[in-house]
Amino acid sequence: PARTSLCPRPASRPSMRIDRRSNLSQKEFLPEYVLNNRPVILTYAAAQWPALKKWTPQFFKAFYGDRKVPVFERKRAVSVKESVFLRDYIDEITSANFSNRAKYLFSLKIPKVFPELLSDLQPRPIYWDPNWLDSKYLLPGMPNFKLRNITGLEMNMGGAGSPFPFLHYDDLWTQTFITQVHGRKEWVLYEPDQLPTCTPATKPKISPRSPRKKI
């Protein structure tokens, strides 16, 4: 979890309460949250996933410890990438603390790296569909555009105090579903009208109408 905000909220702006909803129907989810750019915590949406009991740091160390994975850390305002064995990275994140932060692993493509584990992420939550990024009409004539490679399931890992290595927004304002499989993660969300203050550009390049993340 990252505890330091990179773009502090003005003192006069109260924190927005994020809804927790259980058994939310897709008909409710789309108009209440997606179309209104509102984040929501969907409790028990993945309660039947085998991954919730199976995917522990010890599991990945025991069965995939010899796999090399890319990890990142922030050094002097620059994101540094390193390739390490997963067993060594598991040791790093399980012993990390806020004084000795571990590197961060993100966007590891599960269908490519762990295809045999895809069945652990079933049944598929109803909120994931329809996925317009799967459309053949998206970005026609650009088969190598990077969004073509990020529409599947991805894995992130980190230890205590491990922040995402850089402040960012997702291309084309894509909606994001984050499913917490193991441990805890702290999120800091900013309202769309605050996005211009979150970029170092002299003239904001981020639309204030961009959608919030969905958790």
# chains A, B, ... in the order shown; residues from 1 in each chain; ligands from 1

call {"tool": "select_by_dssp", "arguments": {"residues": "segment 36-185 of chain A", "states": "helix (DSSP H, G or I)", "output": "number ranges by chain"}}
result
A: 51-54, 57-64, 86-94, 110-113, 115-121, 126-128, 132-134, 146-149, 171-173

call {"tool": "closest_atom_pairs", "arguments": {"of": "segment 114-141 of chain A", "to": "segment 53-69 of chain A", "cutoff": "12 Å", "atoms": "only C-alpha atoms", "output": "CSV"}}
result
residue,atom,partner,partner_atom,distance
A:Phe114,CA,A:Tyr64,CA,9.2
A:Glu116,CA,A:Tyr64,CA,11.8
A:Leu117,CA,A:Trp55,CA,9.6
A:Leu118,CA,A:Trp55,CA,11.7
A:Ser119,CA,A:Lys54,CA,11.7
A:Asp120,CA,A:Lys54,CA,8.2
A:Leu121,CA,A:Trp55,CA,10.5

call {"tool": "write_last_selection", "arguments": {"atoms": "all heavy atoms", "output": "short mmCIF file (atom, residue, chain, number, x, y, z; two decimals), in the first residue's frame"}}
result
data_model
loop_
_atom_site.label_atom_id
_atom_site.label_comp_id
_atom_site.auth_asym_id
_atom_site.auth_seq_id
_atom_site.Cartn_x
_atom_site.Cartn_y
_atom_site.Cartn_z
N PHE A 114 1.00 -17.88 -16.74
CA PHE A 114 0.41 -18.96 -15.94
C PHE A 114 -0.89 -19.45 -16.59
O PHE A 114 -1.95 -19.44 -15.95
CB PHE A 114 0.11 -18.48 -14.52
CG PHE A 114 1.27 -17.89 -13.79
CD1 PHE A 114 1.27 -16.55 -13.40
CD2 PHE A 114 2.37 -18.67 -13.46
CE1 PHE A 114 2.34 -16.00 -12.70
CE2 PHE A 114 3.45 -18.13 -12.77
CZ PHE A 114 3.43 -16.80 -12.40
N GLU A 116 -2.10 -22.30 -17.10
CA GLU A 116 -2.71 -23.43 -16.42
C GLU A 116 -3.48 -23.00 -15.17
O GLU A 116 -4.23 -23.80 -14.58
CB GLU A 116 -1.64 -24.47 -16.03
CG GLU A 116 -0.64 -24.01 -14.99
CD GLU A 116 0.49 -23.16 -15.56
OE1 GLU A 116 0.43 -22.74 -16.74
OE2 GLU A 116 1.46 -22.92 -14.81
N LEU A 117 -3.34 -21.75 -14.75
CA LEU A 117 -4.02 -21.26 -13.55
C LEU A 117 -5.30 -20.50 -13.87
O LEU A 117 -5.98 -20.03 -12.95
CB LEU A 117 -3.09 -20.36 -12.74
CG LEU A 117 -1.82 -21.02 -12.17
CD1 LEU A 117 -1.02 -20.01 -11.36
CD2 LEU A 117 -2.17 -22.22 -11.31
N LEU A 118 -5.63 -20.36 -15.14
CA LEU A 118 -6.82 -19.58 -15.50
C LEU A 118 -8.10 -20.16 -14.91
O LEU A 118 -9.04 -19.43 -14.60
CB LEU A 118 -6.94 -19.50 -17.03
CG LEU A 118 -5.91 -18.58 -17.72
CD1 LEU A 118 -6.03 -18.72 -19.24
CD2 LEU A 118 -6.12 -17.13 -17.30
N SER A 119 -8.14 -21.47 -14.75
CA SER A 119 -9.35 -22.10 -14.19
C SER A 119 -9.56 -21.70 -12.73
O SER A 119 -10.67 -21.83 -12.21
CB SER A 119 -9.26 -23.62 -14.31
OG SER A 119 -8.14 -24.12 -13.60
N ASP A 120 -8.50 -21.19 -12.07
CA ASP A 120 -8.64 -20.74 -10.69
C ASP A 120 -9.37 -19.41 -10.59
O ASP A 120 -9.67 -18.96 -9.48
CB ASP A 120 -7.25 -20.57 -10.04
CG ASP A 120 -6.54 -21.90 -9.82
OD1 ASP A 120 -7.22 -22.95 -9.87
OD2 ASP A 120 -5.31 -21.89 -9.61
N LEU A 121 -9.62 -18.78 -11.74
CA LEU A 121 -10.29 -17.47 -11.77
C LEU A 121 -11.69 -17.60 -12.36
O LEU A 121 -12.18 -16.73 -13.05
CB LEU A 121 -9.46 -16.48 -12.60
CG LEU A 121 -8.01 -16.32 -12.14
CD1 LEU A 121 -7.27 -15.36 -13.06
CD2 LEU A 121 -7.94 -15.83 -10.70
#

call {"tool": "residues_around", "arguments": {"residues": "segment 175-180 of chain A", "least_positions_apart": "6", "cutoff": "12 Å", "atoms": "only C-alpha atoms", "output": "count of residues only"}}
result
50

call {"tool": "atom_distance", "arguments": {"atom1": "atom CA of Val188 of chain A", "atom2": "atom CA of Pro70 of chain A"}}
result
24.3 Å

call {"tool": "select_by_dssp", "arguments": {"residues": "segment 47-126 of chain A", "states": "strand (DSSP E or B)", "output": "list in words"}}
result
Lys68, Val69, Pro70, Val71, Phe72, Glu73, Arg74, Lys75, Val78, Ser79, Val80, Lys81, Glu82, Ser83, Val84, Phe85, Asn97, Asn100, Tyr104, Leu105, Phe106, Ser107, Leu108 and Lys109 of chain A

call {"tool": "write_last_selection", "arguments": {"atoms": "N, CA and C atoms", "output": "tab-separated table (two decimals), in the first residue's frame"}}
result
chain	number	residue	atom	x	y	z
A	68	LYS	N	11.34	-16.38	-14.07
A	68	LYS	CA	11.84	-15.01	-13.95
A	68	LYS	C	10.70	-14.04	-14.24
A	69	VAL	N	10.62	-13.00	-13.42
A	69	VAL	CA	9.54	-12.02	-13.56
A	69	VAL	C	10.13	-10.62	-13.52
A	70	PRO	N	9.48	-9.66	-14.19
A	70	PRO	CA	9.95	-8.27	-14.16
A	70	PRO	C	9.41	-7.55	-12.93
A	71	VAL	N	10.28	-6.87	-12.21
A	71	VAL	CA	9.86	-6.08	-11.05
A	71	VAL	C	10.39	-4.66	-11.21
A	72	PHE	N	9.74	-3.72	-10.53
A	72	PHE	CA	10.06	-2.31	-10.71
A	72	PHE	C	10.20	-1.62	-9.37
A	73	GLU	N	11.02	-0.58	-9.34
A	73	GLU	CA	11.09	0.30	-8.18
A	73	GLU	C	11.40	1.71	-8.66
A	74	ARG	N	11.09	2.66	-7.80
A	74	ARG	CA	11.29	4.07	-8.12
A	74	ARG	C	12.60	4.54	-7.50
A	75	LYS	N	13.50	5.03	-8.33
A	75	LYS	CA	14.78	5.56	-7.85
A	75	LYS	C	15.02	6.93	-8.46
A	78	VAL	N	12.88	7.96	-11.28
A	78	VAL	CA	12.96	7.11	-12.47
A	78	VAL	C	12.54	5.70	-12.07
A	79	SER	N	11.70	5.06	-12.91
A	79	SER	CA	11.29	3.69	-12.66
A	79	SER	C	12.35	2.74	-13.21
A	80	VAL	N	12.89	1.90	-12.35
A	80	VAL	CA	13.95	0.97	-12.72
A	80	VAL	C	13.40	-0.45	-12.78
A	81	LYS	N	13.64	-1.13	-13.89
A	81	LYS	CA	13.14	-2.49	-14.11
A	81	LYS	C	14.25	-3.49	-13.88
A	82	GLU	N	13.88	-4.63	-13.28
A	82	GLU	CA	14.84	-5.69	-13.02
A	82	GLU	C	14.15	-7.04	-13.21
A	83	SER	N	14.87	-8.05	-13.68
A	83	SER	CA	14.33	-9.39	-13.84
A	83	SER	C	14.88	-10.29	-12.75
A	84	VAL	N	13.98	-10.92	-11.97
A	84	VAL	CA	14.42	-11.73	-10.84
A	84	VAL	C	13.66	-13.06	-10.83
A	85	PHE	N	14.21	-14.05	-10.12
A	85	PHE	CA	13.50	-15.30	-9.93
A	85	PHE	C	12.34	-15.06	-8.98
A	97	ASN	N	8.94	-4.20	4.72
A	97	ASN	CA	8.20	-3.33	5.63
A	97	ASN	C	8.34	-1.91	5.10
A	100	ASN	N	11.85	-0.86	4.65
A	100	ASN	CA	12.60	-1.65	3.66
A	100	ASN	C	11.62	-2.18	2.63
A	104	TYR	N	8.08	-3.76	-6.99
A	104	TYR	CA	6.68	-4.00	-7.33
A	104	TYR	C	6.58	-4.76	-8.65
A	105	LEU	N	5.75	-5.77	-8.66
A	105	LEU	CA	5.49	-6.54	-9.88
A	105	LEU	C	4.10	-6.16	-10.38
A	106	PHE	N	3.99	-5.75	-11.63
A	106	PHE	CA	2.67	-5.38	-12.13
A	106	PHE	C	2.48	-5.79	-13.59
A	107	SER	N	1.21	-5.95	-13.96
A	107	SER	CA	0.81	-6.26	-15.34
A	107	SER	C	1.45	-7.54	-15.87
A	108	LEU	N	1.64	-8.52	-15.00
A	108	LEU	CA	2.13	-9.83	-15.45
A	108	LEU	C	0.95	-10.56	-16.07
A	109	LYS	N	1.04	-10.89	-17.34
A	109	LYS	CA	-0.08	-11.44	-18.09
A	109	LYS	C	-0.31	-12.91	-17.72

call {"tool": "closest_residue", "arguments": {"among": "A:Ile18, A:Phe29, A:His182, A:Ile93", "to": "Pro50 of chain A", "atoms": "only C-alpha atoms"}}
result
A:His182

call {"tool": "atom_distance", "arguments": {"atom1": "atom CA of Tyr137 of chain A", "atom2": "atom CA of Thr174 of chain A"}}
result
15.9 Å
